[in-house]
Structure formats: structure tokens, C-alpha cells
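Student: For reference, this is coords-v1.pdb, and it has PDB, C-alpha atoms, pLDDT in the B column.
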```
ATOM      1  CA  MET A  47     -33.951  30.166 -55.783  1.00 74.00           C
ATOM      2  CA  GLU A  48     -33.379  32.904 -58.334  1.00 78.00           C
ATOM      3  CA  ALA A  49     -35.897  33.015 -61.194  1.00 84.00           C
ATOM      4  CA  LEU A  50     -34.732  32.105 -64.668  1.00 87.00           C
ATOM      5  CA  PRO A  51     -33.855  35.058 -66.930  1.00 89.00           C
ATOM      6  CA  CYS A  52     -36.944  34.764 -69.118  1.00 89.00           C
ATOM      7  CA  VAL A  53     -37.879  37.131 -71.933  1.00 86.00           C
ATOM      8  CA  TYR A  54     -41.657  37.111 -71.556  1.00 86.00           C
ATOM      9  CA  GLY A  55     -43.345  34.381 -69.524  1.00 85.00           C
ATOM     10  CA  PRO A  56     -42.323  33.115 -66.067  1.00 87.00           C
ATOM     11  CA  ARG A  57     -41.321  29.575 -67.125  1.00 93.00           C
ATOM     12  CA  PRO A  58     -40.613  28.253 -70.624  1.00 96.00           C
ATOM     13  CA  TRP A  59     -43.036  25.534 -71.759  1.00 97.00           C
ATOM     14  CA  LEU A  60     -44.354  24.824 -68.234  1.00 97.00           C
ATOM     15  CA  VAL A  61     -47.760  26.440 -67.745  1.00 96.00           C
ATOM     16  CA  ALA A  62     -48.825  28.268 -64.608  1.00 94.00           C
ATOM     17  CA  ALA A  63     -50.760  26.421 -61.914  1.00 96.00           C
ATOM     18  CA  ASP A  64     -54.514  26.989 -61.826  1.00 98.00           C
ATOM     19  CA  GLU A  65     -56.340  29.363 -59.554  1.00 98.00           C
ATOM     20  CA  PRO A  66     -57.524  27.619 -56.340  1.00 98.00           C
ATOM     21  CA  GLU A  67     -61.201  27.922 -57.353  1.00 98.00           C
ATOM     22  CA  THR A  68     -60.549  25.978 -60.558  1.00 98.00           C
ATOM     23  CA  ALA A  69     -58.713  23.223 -58.697  1.00 98.00           C
ATOM     24  CA  ALA A  70     -61.501  23.039 -56.105  1.00 98.00           C
ATOM     25  CA  TYR A  71     -64.137  22.672 -58.842  1.00 98.00           C
ATOM     26  CA  PHE A  72     -62.425  19.648 -60.381  1.00 98.00           C
ATOM     27  CA  ARG A  73     -61.769  17.969 -57.052  1.00 97.00           C
ATOM     28  CA  GLU A  74     -65.455  18.280 -56.161  1.00 97.00           C
ATOM     29  CA  HIS A  75     -67.072  17.590 -59.548  1.00 97.00           C
ATOM     30  CA  GLY A  76     -64.484  15.875 -61.771  1.00 98.00           C
ATOM     31  CA  ARG A  77     -64.316  12.107 -62.190  1.00 97.00           C
ATOM     32  CA  ALA A  78     -60.987  10.489 -61.425  1.00 98.00           C
ATOM     33  CA  GLU A  79     -59.016   8.913 -64.272  1.00 98.00           C
ATOM     34  CA  VAL A  80     -55.498   7.543 -64.660  1.00 98.00           C
ATOM     35  CA  PHE A  81     -53.482   7.604 -67.897  1.00 98.00           C
ATOM     36  CA  GLN A  82     -50.297   5.640 -68.471  1.00 97.00           C
ATOM     37  CA  THR A  83     -47.103   7.051 -69.972  1.00 95.00           C
ATOM     38  CA  GLY A  84     -47.513   7.466 -73.711  1.00 93.00           C
ATOM     39  CA  THR A  85     -51.303   7.867 -73.661  1.00 95.00           C
ATOM     40  CA  VAL A  86     -52.473  10.302 -76.351  1.00 93.00           C
ATOM     41  CA  LEU A  87     -55.464  12.548 -75.628  1.00 94.00           C
ATOM     42  CA  PRO A  88     -57.126  14.360 -78.573  1.00 92.00           C
ATOM     43  CA  PHE A  89     -58.326  17.021 -76.148  1.00 91.00           C
ATOM     44  CA  GLY A  90     -58.869  19.654 -78.821  1.00 89.00           C
ATOM     45  CA  ARG A  91     -61.692  17.583 -80.309  1.00 90.00           C
ATOM     46  CA  GLU A  92     -63.194  16.279 -77.084  1.00 92.00           C
ATOM     47  CA  ASP A  93     -66.072  17.618 -75.018  1.00 94.00           C
ATOM     48  CA  VAL A  94     -64.146  17.308 -71.744  1.00 95.00           C
ATOM     49  CA  ILE A  95     -61.218  19.011 -70.072  1.00 96.00           C
ATOM     50  CA  TYR A  96     -58.604  17.495 -67.773  1.00 98.00           C
ATOM     51  CA  PHE A  97     -57.318  18.736 -64.428  1.00 98.00           C
ATOM     52  CA  ILE A  98     -53.881  17.197 -63.794  1.00 98.00           C
ATOM     53  CA  GLU A  99     -53.409  16.168 -60.162  1.00 98.00           C
ATOM     54  CA  HIS A 100     -50.110  14.310 -60.586  1.00 97.00           C
ATOM     55  CA  GLY A 101     -47.754  13.740 -63.503  1.00 97.00           C
ATOM     56  CA  LEU A 102     -46.620  15.576 -66.602  1.00 97.00           C
ATOM     57  CA  ILE A 103     -48.374  15.835 -69.947  1.00 97.00           C
ATOM     58  CA  ALA A 104     -47.362  17.726 -73.103  1.00 96.00           C
ATOM     59  CA  THR A 105     -49.445  19.437 -75.771  1.00 94.00           C
ATOM     60  CA  VAL A 106     -48.683  18.662 -79.402  1.00 89.00           C
ATOM     61  CA  PRO A 107     -50.485  21.120 -81.697  1.00 79.00           C
ATOM     62  CA  THR A 108     -48.902  20.324 -85.060  1.00 62.00           C
ATOM     63  CA  ARG A 109     -46.776  17.809 -86.904  1.00 55.00           C
ATOM     64  CA  ASP A 110     -44.088  19.176 -89.221  1.00 53.00           C
ATOM     65  CA  GLY A 111     -43.184  16.298 -91.527  1.00 55.00           C
ATOM     66  CA  SER A 112     -41.496  13.636 -89.394  1.00 56.00           C
ATOM     67  CA  LEU A 113     -40.666  16.081 -86.567  1.00 62.00           C
ATOM     68  CA  THR A 114     -43.286  16.220 -83.817  1.00 76.00           C
ATOM     69  CA  ARG A 115     -43.163  19.445 -81.823  1.00 87.00           C
ATOM     70  CA  ILE A 116     -44.302  19.833 -78.228  1.00 91.00           C
ATOM     71  CA  ALA A 117     -45.707  23.269 -77.376  1.00 91.00           C
ATOM     72  CA  GLY A 118     -46.413  23.230 -73.645  1.00 94.00           C
ATOM     73  CA  LEU A 119     -46.023  21.170 -70.481  1.00 97.00           C
ATOM     74  CA  PHE A 120     -48.813  20.658 -67.955  1.00 97.00           C
ATOM     75  CA  GLY A 121     -47.847  19.491 -64.473  1.00 97.00           C
ATOM     76  CA  ALA A 122     -49.753  19.135 -61.219  1.00 97.00           C
ATOM     77  CA  GLU A 123     -52.536  21.652 -60.498  1.00 97.00           C
ATOM     78  CA  THR A 124     -53.064  22.630 -64.144  1.00 98.00           C
ATOM     79  CA  THR A 125     -56.041  22.166 -66.454  1.00 98.00           C
ATOM     80  CA  LEU A 126     -55.426  20.810 -69.926  1.00 96.00           C
ATOM     81  CA  GLY A 127     -57.818  22.563 -72.293  1.00 94.00           C
ATOM     82  CA  LEU A 128     -58.682  25.546 -70.088  1.00 95.00           C
ATOM     83  CA  VAL A 129     -57.482  28.196 -72.559  1.00 93.00           C
ATOM     84  CA  ARG A 130     -59.255  26.487 -75.444  1.00 91.00           C
ATOM     85  CA  VAL A 131     -62.551  26.286 -73.525  1.00 93.00           C
ATOM     86  CA  LEU A 132     -62.610  29.853 -72.194  1.00 93.00           C
ATOM     87  CA  ARG A 133     -61.547  31.180 -75.578  1.00 87.00           C
ATOM     88  CA  GLY A 134     -64.048  29.329 -77.749  1.00 79.00           C
ATOM     89  CA  GLY A 135     -66.369  27.144 -75.702  1.00 72.00           C
ATOM     90  CA  ASN A 136     -66.917  23.851 -77.513  1.00 73.00           C
ATOM     91  CA  ARG A 137     -65.046  24.897 -80.646  1.00 77.00           C
ATOM     92  CA  LYS A 138     -63.002  21.992 -81.979  1.00 83.00           C
ATOM     93  CA  MET A 139     -59.260  22.507 -82.434  1.00 82.00           C
ATOM     94  CA  ARG A 140     -56.429  20.398 -83.825  1.00 82.00           C
ATOM     95  CA  LEU A 141     -54.779  19.807 -80.473  1.00 86.00           C
ATOM     96  CA  TYR A 142     -53.709  16.659 -78.718  1.00 90.00           C
ATOM     97  CA  ALA A 143     -51.515  15.786 -75.773  1.00 94.00           C
ATOM     98  CA  THR A 144     -49.214  12.944 -74.826  1.00 94.00           C
ATOM     99  CA  ALA A 145     -48.510  11.762 -71.286  1.00 96.00           C
ATOM    100  CA  LEU A 146     -44.803  11.999 -70.435  1.00 95.00           C
ATOM    101  CA  SER A 147     -45.423  10.142 -67.164  1.00 95.00           C
ATOM    102  CA  LYS A 148     -48.261   8.342 -65.443  1.00 96.00           C
ATOM    103  CA  ILE A 149     -51.084  10.859 -65.033  1.00 97.00           C
ATOM    104  CA  SER A 150     -53.721  11.152 -62.315  1.00 98.00           C
ATOM    105  CA  ALA A 151     -56.442  13.494 -63.519  1.00 98.00           C
ATOM    106  CA  ARG A 152     -59.941  14.785 -62.855  1.00 98.00           C
ATOM    107  CA  VAL A 153     -62.186  15.049 -65.893  1.00 98.00           C
ATOM    108  CA  ALA A 154     -65.251  17.271 -66.367  1.00 97.00           C
ATOM    109  CA  SER A 155     -67.496  18.088 -69.298  1.00 96.00           C
ATOM    110  CA  ILE A 156     -66.972  21.414 -70.998  1.00 95.00           C
ATOM    111  CA  GLY A 157     -70.645  22.294 -70.638  1.00 95.00           C
ATOM    112  CA  ASP A 158     -70.651  21.707 -66.879  1.00 96.00           C
ATOM    113  CA  PHE A 159     -67.435  23.653 -66.447  1.00 97.00           C
ATOM    114  CA  LEU A 160     -68.703  26.645 -68.451  1.00 96.00           C
ATOM    115  CA  HIS A 161     -71.956  26.642 -66.464  1.00 96.00           C
ATOM    116  CA  TRP A 162     -69.934  26.765 -63.230  1.00 97.00           C
ATOM    117  CA  PHE A 163     -67.646  29.479 -64.617  1.00 97.00           C
ATOM    118  CA  SER A 164     -70.590  31.673 -65.686  1.00 96.00           C
ATOM    119  CA  ARG A 165     -71.928  31.717 -62.117  1.00 97.00           C
ATOM    120  CA  LEU A 166     -68.689  32.866 -60.476  1.00 98.00           C
ATOM    121  CA  ASP A 167     -68.171  36.349 -59.119  1.00 97.00           C
ATOM    122  CA  ALA A 168     -66.634  38.705 -61.661  1.00 98.00           C
ATOM    123  CA  GLU A 169     -63.438  39.021 -59.621  1.00 98.00           C
ATOM    124  CA  VAL A 170     -62.861  35.253 -59.669  1.00 98.00           C
ATOM    125  CA  ARG A 171     -63.629  35.006 -63.395  1.00 97.00           C
ATOM    126  CA  ILE A 172     -61.080  37.752 -64.090  1.00 97.00           C
ATOM    127  CA  ARG A 173     -58.396  35.929 -62.078  1.00 98.00           C
ATOM    128  CA  ILE A 174     -59.046  32.695 -63.976  1.00 98.00           C
ATOM    129  CA  LEU A 175     -58.857  34.529 -67.305  1.00 97.00           C
ATOM    130  CA  GLN A 176     -55.616  36.194 -66.230  1.00 97.00           C
ATOM    131  CA  ASN A 177     -54.315  32.741 -65.351  1.00 96.00           C
ATOM    132  CA  CYS A 178     -55.066  31.689 -68.930  1.00 95.00           C
ATOM    133  CA  ILE A 179     -52.927  34.589 -70.143  1.00 95.00           C
ATOM    134  CA  SER A 180     -50.085  33.369 -67.901  1.00 94.00           C
ATOM    135  CA  LYS A 181     -50.417  29.888 -69.395  1.00 94.00           C
ATOM    136  CA  THR A 182     -50.146  31.344 -72.906  1.00 93.00           C
ATOM    137  CA  GLU A 183     -47.097  33.386 -71.897  1.00 94.00           C
ATOM    138  CA  CYS A 184     -45.326  30.203 -70.748  1.00 94.00           C
ATOM    139  CA  HIS A 185     -46.004  28.659 -74.158  1.00 93.00           C
ATOM    140  CA  LEU A 186     -44.590  31.774 -75.825  1.00 94.00           C
ATOM    141  CA  GLU A 187     -41.502  31.711 -73.609  1.00 95.00           C
ATOM    142  CA  GLY A 188     -40.836  28.170 -74.796  1.00 95.00           C
ATOM    143  CA  VAL A 189     -41.022  29.430 -78.378  1.00 94.00           C
ATOM    144  CA  PHE A 190     -38.489  32.151 -77.545  1.00 94.00           C
ATOM    145  CA  VAL A 191     -36.048  29.669 -75.989  1.00 95.00           C
ATOM    146  CA  ASN A 192     -36.331  27.372 -79.000  1.00 95.00           C
ATOM    147  CA  ASP A 193     -35.841  30.262 -81.421  1.00 94.00           C
ATOM    148  CA  LEU A 194     -33.096  32.186 -79.606  1.00 93.00           C
ATOM    149  CA  GLN A 195     -30.954  29.465 -78.029  1.00 94.00           C
ATOM    150  CA  PRO A 196     -28.772  26.776 -79.668  1.00 96.00           C
ATOM    151  CA  VAL A 197     -29.657  23.140 -79.038  1.00 96.00           C
ATOM    152  CA  ASN A 198     -27.134  22.668 -76.217  1.00 96.00           C
ATOM    153  CA  MET A 199     -28.558  25.616 -74.279  1.00 96.00           C
ATOM    154  CA  ARG A 200     -32.133  24.477 -74.894  1.00 97.00           C
ATOM    155  CA  LEU A 201     -31.167  21.218 -73.197  1.00 97.00           C
ATOM    156  CA  LEU A 202     -30.121  23.087 -70.064  1.00 96.00           C
ATOM    157  CA  TRP A 203     -33.365  25.061 -70.014  1.00 96.00           C
ATOM    158  CA  ILE A 204     -35.613  22.023 -70.401  1.00 97.00           C
ATOM    159  CA  PHE A 205     -33.820  19.971 -67.756  1.00 96.00           C
ATOM    160  CA  GLU A 206     -34.199  22.818 -65.251  1.00 96.00           C
ATOM    161  CA  ILE A 207     -37.876  23.169 -66.171  1.00 96.00           C
ATOM    162  CA  LEU A 208     -38.451  19.434 -65.651  1.00 96.00           C
ATOM    163  CA  PHE A 209     -37.180  19.801 -62.089  1.00 96.00           C
ATOM    164  CA  GLN A 210     -39.484  22.777 -61.594  1.00 94.00           C
ATOM    165  CA  ALA A 211     -42.424  20.761 -62.935  1.00 95.00           C
ATOM    166  CA  ALA A 212     -41.793  18.262 -60.144  1.00 94.00           C
ATOM    167  CA  ASN A 213     -41.429  21.070 -57.555  1.00 93.00           C
ATOM    168  CA  ALA A 214     -37.996  19.632 -56.760  1.00 93.00           C
ATOM    169  CA  PRO A 215     -35.867  21.720 -54.353  1.00 92.00           C
ATOM    170  CA  LEU A 216     -32.458  22.805 -55.561  1.00 90.00           C
ATOM    171  CA  ALA A 217     -30.004  20.180 -54.249  1.00 89.00           C
ATOM    172  CA  PRO A 218     -26.199  20.131 -54.593  1.00 91.00           C
ATOM    173  CA  GLY A 219     -24.388  17.565 -56.704  1.00 94.00           C
ATOM    174  CA  PHE A 220     -25.699  15.195 -59.339  1.00 96.00           C
ATOM    175  CA  VAL A 221     -29.325  14.115 -59.092  1.00 96.00           C
ATOM    176  CA  PRO A 222     -31.502  12.008 -61.422  1.00 95.00           C
ATOM    177  CA  LEU A 223     -34.192  13.600 -63.545  1.00 93.00           C
ATOM    178  CA  PRO A 224     -37.510  13.688 -61.664  1.00 90.00           C
ATOM    179  CA  TRP A 225     -39.462  12.236 -64.590  1.00 89.00           C
ATOM    180  CA  PRO A 226     -38.932   9.059 -66.656  1.00 86.00           C
ATOM    181  CA  ILE A 227     -38.707  11.186 -69.777  1.00 91.00           C
ATOM    182  CA  THR A 228     -37.007   9.871 -72.919  1.00 92.00           C
ATOM    183  CA  ILE A 229     -34.444  11.686 -75.035  1.00 93.00           C
ATOM    184  CA  SER A 230     -36.978  11.569 -77.863  1.00 92.00           C
ATOM    185  CA  SER A 231     -39.480  13.492 -75.737  1.00 93.00           C
ATOM    186  CA  VAL A 232     -36.815  16.014 -74.712  1.00 95.00           C
ATOM    187  CA  ALA A 233     -35.998  16.508 -78.396  1.00 95.00           C
ATOM    188  CA  MET A 234     -39.667  17.152 -79.196  1.00 93.00           C
ATOM    189  CA  ILE A 235     -39.856  19.849 -76.509  1.00 96.00           C
ATOM    190  CA  ILE A 236     -36.757  21.706 -77.702  1.00 96.00           C
ATOM    191  CA  HIS A 237     -37.696  21.220 -81.380  1.00 93.00           C
ATOM    192  CA  THR A 238     -34.725  19.202 -82.538  1.00 94.00           C
ATOM    193  CA  THR A 239     -33.902  15.632 -83.480  1.00 93.00           C
ATOM    194  CA  ARG A 240     -33.108  12.827 -81.068  1.00 94.00           C
ATOM    195  CA  GLU A 241     -29.616  12.633 -82.531  1.00 96.00           C
ATOM    196  CA  MET A 242     -28.916  16.319 -81.873  1.00 96.00           C
ATOM    197  CA  ALA A 243     -30.265  16.046 -78.324  1.00 97.00           C
ATOM    198  CA  SER A 244     -28.103  12.975 -77.635  1.00 96.00           C
ATOM    199  CA  ARG A 245     -25.044  14.767 -78.981  1.00 97.00           C
ATOM    200  CA  GLY A 246     -25.730  17.782 -76.764  1.00 97.00           C
ATOM    201  CA  ILE A 247     -26.119  15.584 -73.677  1.00 97.00           C
ATOM    202  CA  SER A 248     -22.785  13.894 -74.435  1.00 96.00           C
ATOM    203  CA  GLU A 249     -21.096  17.304 -74.686  1.00 97.00           C
ATOM    204  CA  TRP A 250     -22.544  18.428 -71.338  1.00 97.00           C
ATOM    205  CA  CYS A 251     -21.368  15.144 -69.794  1.00 96.00           C
ATOM    206  CA  ARG A 252     -17.831  15.892 -70.974  1.00 96.00           C
ATOM    207  CA  ALA A 253     -18.170  19.388 -69.490  1.00 96.00           C
ATOM    208  CA  GLY A 254     -19.121  17.942 -66.097  1.00 96.00           C
ATOM    209  CA  VAL A 255     -22.659  19.365 -66.041  1.00 96.00           C
ATOM    210  CA  MET A 256     -24.297  15.958 -66.493  1.00 96.00           C
ATOM    211  CA  LYS A 257     -23.209  12.345 -66.220  1.00 95.00           C
ATOM    212  CA  ARG A 258     -24.614   8.946 -67.038  1.00 93.00           C
ATOM    213  CA  ASP A 259     -25.279   6.248 -64.464  1.00 91.00           C
ATOM    214  CA  GLY A 260     -26.126   3.203 -66.527  1.00 89.00           C
ATOM    215  CA  ARG A 261     -29.310   4.160 -68.370  1.00 86.00           C
ATOM    216  CA  ARG A 262     -29.999   7.081 -66.028  1.00 90.00           C
ATOM    217  CA  LEU A 263     -28.955  10.657 -66.694  1.00 94.00           C
ATOM    218  CA  LEU A 264     -27.780  12.626 -63.663  1.00 96.00           C
ATOM    219  CA  VAL A 265     -27.790  16.425 -63.685  1.00 96.00           C
ATOM    220  CA  ASP A 266     -25.981  18.977 -61.536  1.00 97.00           C
ATOM    221  CA  ARG A 267     -28.690  21.642 -61.299  1.00 96.00           C
ATOM    222  CA  GLU A 268     -26.374  24.251 -59.815  1.00 95.00           C
ATOM    223  CA  ARG A 269     -24.080  23.968 -62.841  1.00 96.00           C
ATOM    224  CA  VAL A 270     -27.074  23.928 -65.194  1.00 95.00           C
ATOM    225  CA  ARG A 271     -28.436  27.145 -63.735  1.00 94.00           C
ATOM    226  CA  ALA A 272     -25.000  28.769 -63.685  1.00 93.00           C
ATOM    227  CA  ALA A 273     -24.555  28.006 -67.397  1.00 93.00           C
ATOM    228  CA  ILE A 274     -27.997  29.436 -68.196  1.00 92.00           C
ATOM    229  CA  PHE A 275     -27.287  32.691 -66.358  1.00 90.00           C
ATOM    230  CA  GLU A 276     -23.869  33.014 -67.991  1.00 84.00           C
ATOM    231  CA  THR A 277     -25.473  33.143 -71.451  1.00 69.00           C
ATOM    232  CA  VAL A 278     -27.843  36.077 -70.779  1.00 56.00           C
TER     233      VAL A 278
END
```
Produce C-alpha cells that represent the structure in this file.

Tutor:
Amino acid sequence: MEALPCVYGPRPWLVAADEPETAAYFREHGRAEVFQTGTVLPFGREDVIYFIEHGLIATVPTRDGSLTRIAGLFGAETTLGLVRVLRGGNRKMRLYATALSKISARVASIGDFLHWFSRLDAEVRIRILQNCISKTECHLEGVFVNDLQPVNMRLLWIFEILFQAANAPLAPGFVPLPWPITISSVAMIIHTTREMASRGISEWCRAGVMKRDGRRLLVDRERVRAAIFETV
């Protein structure tokens, strides 16, 4: 499947998967926890970090009046809080996250994680730090999409990214979204209102790119990707 025509990072909003050593650490030392859809984690003020095994969670760094803005998406095999920890240790930050689906996670204390990280070979530490750069680039790419694309095009980008977050293969025809994500959450990711997102979805339905099946939204990924490539 051809990569999206990104400006900077490899995938808008959706952060890169962790290095295998990081994942192995959490599976051996992290305690298992489950969070339901809608759970809010004030991870920027906590003394723990979260390795996501299954599900999708979004970071929400700021609130602009009544419009909540999502900055990044963390799917399976990613650590929520890794960049914050390796950048500033236990420094508190105004960051929180909201679960967009049911989450299975492994949780470890920041102190234990930093102790483990300090004992790694230099080559492994460098790879993990480079992975943090990749995560930041994905956040930046989401900013570029939100700044450079109109709302209707942002909708196409985020729906494709949601399929990528679920590691869904490209299938022909109309398929349901892989996550039980609400239009309100989609609007928060693409930095618009729910009303504007709903209007854009209706327009893409009339264009034959999406269609409604009761309360479900079905998407033709091939048409979504074709429309994205046509605009670059």
C-alpha cells in the first residue's frame, strides 16, 4: 500500500510504534490495567507511563475555549508519556489523554523506567530516542494537515489514519470504521466543530466516498486514498 503523501512525519497524528526493547520492558515489568472508552488520564502530572497493548488513546494538551483539541493518537505498541519522560524525567506537564476505545495497557513507574533506560547499551538508547523524534514528527504532521487542508480533506486523512491505527488491510468496497469513534472525537482530532465534521461527512456520502448504514459510517478506503492523492 502506497504511503500517504506527508510533508514531514510518516503518519499524521498517529505516533510510531515503540522499539522492541521498550515493548519488552513493559511486558516484563509493567502491571496490567484496562481503561474503558472515555477514561481520562492526566498522564502529564502522574509518576507513571502507559504502554498501550490494545486500543486507541488520544493526547489532549490544551483547551481553547469550548473547543478541545487532540494532538496525537497512540495505538498498539506505543508508550504514552515516553517523550515527556525522556525529555524531562519527572517534570510535570499540562497533558492528559482520553481513551477513544477500550484500552489494555501496561503501567510502570517513571523512576523504574528511567533506571532501566540508563542501563541500556548506548546503541539501544539512541534508537529509543530516535523513536521519540519519530513520535514528535507524527504530531507535527497532524498539525500540518490541520493547518493546510480544508475540513473535508482532513476528514479523509483521519479516517485513513484510523484504519492504519488498527493495522487494517486495504479492502475493496465499503467497510465500517475499525474503532467505535464518535463524530465529536473526529472533530477534536481535525480541530473543527462537530457540526462542520457532520456536514463534511454528509458531503462525502453524496460523493459516494462514504455511506451510512443505520448509525454506522461505512468508508470506501480506495476512494478515500484516491481523493487524498489527487489533492497533492

Student: Skipping near chain neighbours, those fewer than 5 positions away, what residues fall within 12 Å of segment 176-181 of chain A using all atoms listed in the file, listed as a PyMOL selection string?

Tutor: chain A and resi 54-68+117-121+124-133+169-171+186-188

Student: Run the PyMOL selection byres ((chain A and resi 73) around 10) mentally over the shown coordinates, then write out the matched residues as a count of residues only, using the chain letters and numbers from the document.

Tutor: 17

Student: Show me, as JSON, the centre and edge lengths in Å to one decimal of the axis-aligned box that covers every listed atom of segment 170-181 of chain A with 8 Å on each side.

Tutor:
```
{"center_x": -56.9, "center_y": 33.8, "center_z": -64.9, "size_x": 29.5, "size_y": 23.9, "size_z": 26.5}
```

Student: Written as a ChimeraX atom specification, what is the full residue list that the PyMOL selection byres ((chain A and resi 116) around 12) yields on the file shown?

Tutor: /A:58-60,103-110,113-115,117-120,141-146,185,188-189,192,204,230-238

Student: Please determine, counting all atoms listed in the file, which residue among A:Met139, A:Ala243, A:Ile98, A:Ala217 has the shortest atom-to-atom distance to Glu268 of chain A.

Tutor: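 Checking each candidate against Glu268 of chain A, we get A:Ala217 as the closest.
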
Student: Using the chain letters and numbers from the file, which residues does the PyMOL selection byres ((chain A and resi 219) around 8) grab, as a PyMOL selection string?

Tutor: chain A and resi 217-218+220-221+265-268

Student: Would you mind reading off the distance between atom CA of Leu102 of chain A and atom CA of Ile207 of chain A, one decimal, in Å?

Tutor: 11.6 Å

Student: Once all heavy atoms are restored for segment 256-264 of chain A, what would the output be as a PDB file, in the coordinates of the input?

Tutor:
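Result file follows (out-v6.pdb):
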```pdb
ATOM      1  N   MET A 256     -23.468  17.156 -66.586  1.00 96.00           N
ATOM      2  CA  MET A 256     -24.297  15.958 -66.493  1.00 96.00           C
ATOM      3  C   MET A 256     -23.387  14.746 -66.484  1.00 96.00           C
ATOM      4  O   MET A 256     -22.204  14.833 -66.819  1.00 96.00           O
ATOM      5  CB  MET A 256     -25.261  15.873 -67.696  1.00 96.00           C
ATOM      6  CG  MET A 256     -26.131  17.082 -67.900  1.00 96.00           C
ATOM      7  SD  MET A 256     -27.086  16.986 -69.449  1.00 96.00           S
ATOM      8  CE  MET A 256     -27.698  18.678 -69.529  1.00 96.00           C
ATOM      9  N   LYS A 257     -23.947  13.604 -66.102  1.00 95.00           N
ATOM     10  CA  LYS A 257     -23.209  12.345 -66.220  1.00 95.00           C
ATOM     11  C   LYS A 257     -24.212  11.201 -66.304  1.00 95.00           C
ATOM     12  O   LYS A 257     -25.361  11.314 -65.875  1.00 95.00           O
ATOM     13  CB  LYS A 257     -22.249  12.153 -65.060  1.00 95.00           C
ATOM     14  CG  LYS A 257     -22.885  11.881 -63.707  1.00 95.00           C
ATOM     15  CD  LYS A 257     -21.800  11.666 -62.664  1.00 95.00           C
ATOM     16  CE  LYS A 257     -22.393  11.354 -61.293  1.00 95.00           C
ATOM     17  NZ  LYS A 257     -21.335  11.128 -60.276  1.00 95.00           N
ATOM     18  N   ARG A 258     -23.765  10.115 -66.874  1.00 93.00           N
ATOM     19  CA  ARG A 258     -24.614   8.946 -67.038  1.00 93.00           C
ATOM     20  C   ARG A 258     -24.313   7.934 -65.932  1.00 93.00           C
ATOM     21  O   ARG A 258     -23.158   7.730 -65.550  1.00 93.00           O
ATOM     22  CB  ARG A 258     -24.401   8.318 -68.412  1.00 93.00           C
ATOM     23  CG  ARG A 258     -24.764   9.246 -69.565  1.00 93.00           C
ATOM     24  CD  ARG A 258     -24.647   8.529 -70.896  1.00 93.00           C
ATOM     25  NE  ARG A 258     -24.862   9.424 -72.022  1.00 93.00           N
ATOM     26  CZ  ARG A 258     -26.065   9.727 -72.518  1.00 93.00           C
ATOM     27  NH1 ARG A 258     -27.147   9.209 -71.957  1.00 93.00           N
ATOM     28  NH2 ARG A 258     -26.186  10.550 -73.551  1.00 93.00           N
ATOM     29  N   ASP A 259     -25.381   7.315 -65.452  1.00 91.00           N
ATOM     30  CA  ASP A 259     -25.279   6.248 -64.464  1.00 91.00           C
ATOM     31  C   ASP A 259     -26.080   5.076 -65.011  1.00 91.00           C
ATOM     32  O   ASP A 259     -27.275   4.956 -64.758  1.00 91.00           O
ATOM     33  CB  ASP A 259     -25.838   6.715 -63.120  1.00 91.00           C
ATOM     34  CG  ASP A 259     -25.795   5.610 -62.065  1.00 91.00           C
ATOM     35  OD1 ASP A 259     -25.002   4.666 -62.224  1.00 91.00           O
ATOM     36  OD2 ASP A 259     -26.570   5.693 -61.095  1.00 91.00           O
ATOM     37  N   GLY A 260     -25.396   4.234 -65.807  1.00 89.00           N
ATOM     38  CA  GLY A 260     -26.126   3.203 -66.527  1.00 89.00           C
ATOM     39  C   GLY A 260     -27.046   3.844 -67.546  1.00 89.00           C
ATOM     40  O   GLY A 260     -26.611   4.633 -68.390  1.00 89.00           O
ATOM     41  N   ARG A 261     -28.335   3.567 -67.460  1.00 86.00           N
ATOM     42  CA  ARG A 261     -29.310   4.160 -68.370  1.00 86.00           C
ATOM     43  C   ARG A 261     -29.870   5.471 -67.841  1.00 86.00           C
ATOM     44  O   ARG A 261     -30.635   6.136 -68.535  1.00 86.00           O
ATOM     45  CB  ARG A 261     -30.451   3.171 -68.626  1.00 86.00           C
ATOM     46  CG  ARG A 261     -29.990   1.851 -69.242  1.00 86.00           C
ATOM     47  CD  ARG A 261     -31.151   0.959 -69.602  1.00 86.00           C
ATOM     48  NE  ARG A 261     -31.981   1.548 -70.638  1.00 86.00           N
ATOM     49  CZ  ARG A 261     -33.071   0.961 -71.139  1.00 86.00           C
ATOM     50  NH1 ARG A 261     -33.449  -0.219 -70.681  1.00 86.00           N
ATOM     51  NH2 ARG A 261     -33.779   1.552 -72.076  1.00 86.00           N
ATOM     52  N   ARG A 262     -29.496   5.837 -66.604  1.00 90.00           N
ATOM     53  CA  ARG A 262     -29.999   7.081 -66.028  1.00 90.00           C
ATOM     54  C   ARG A 262     -29.100   8.248 -66.384  1.00 90.00           C
ATOM     55  O   ARG A 262     -27.888   8.093 -66.514  1.00 90.00           O
ATOM     56  CB  ARG A 262     -30.090   6.978 -64.509  1.00 90.00           C
ATOM     57  CG  ARG A 262     -31.098   5.995 -63.974  1.00 90.00           C
ATOM     58  CD  ARG A 262     -31.336   6.244 -62.496  1.00 90.00           C
ATOM     59  NE  ARG A 262     -30.095   6.329 -61.726  1.00 90.00           N
ATOM     60  CZ  ARG A 262     -30.036   6.754 -60.462  1.00 90.00           C
ATOM     61  NH1 ARG A 262     -31.127   7.149 -59.836  1.00 90.00           N
ATOM     62  NH2 ARG A 262     -28.870   6.791 -59.829  1.00 90.00           N
ATOM     63  N   LEU A 263     -29.713   9.420 -66.512  1.00 94.00           N
ATOM     64  CA  LEU A 263     -28.955  10.657 -66.694  1.00 94.00           C
ATOM     65  C   LEU A 263     -29.024  11.445 -65.393  1.00 94.00           C
ATOM     66  O   LEU A 263     -30.115  11.703 -64.869  1.00 94.00           O
ATOM     67  CB  LEU A 263     -29.537  11.480 -67.841  1.00 94.00           C
ATOM     68  CG  LEU A 263     -28.831  12.801 -68.137  1.00 94.00           C
ATOM     69  CD1 LEU A 263     -27.417  12.533 -68.663  1.00 94.00           C
ATOM     70  CD2 LEU A 263     -29.618  13.619 -69.149  1.00 94.00           C
ATOM     71  N   LEU A 264     -27.865  11.814 -64.871  1.00 96.00           N
ATOM     72  CA  LEU A 264     -27.780  12.626 -63.663  1.00 96.00           C
ATOM     73  C   LEU A 264     -27.389  14.050 -64.045  1.00 96.00           C
ATOM     74  O   LEU A 264     -26.564  14.261 -64.939  1.00 96.00           O
ATOM     75  CB  LEU A 264     -26.758  12.045 -62.694  1.00 96.00           C
ATOM     76  CG  LEU A 264     -26.950  10.576 -62.303  1.00 96.00           C
ATOM     77  CD1 LEU A 264     -25.866  10.150 -61.314  1.00 96.00           C
ATOM     78  CD2 LEU A 264     -28.334  10.329 -61.722  1.00 96.00           C
TER      79      LEU A 264
END
```
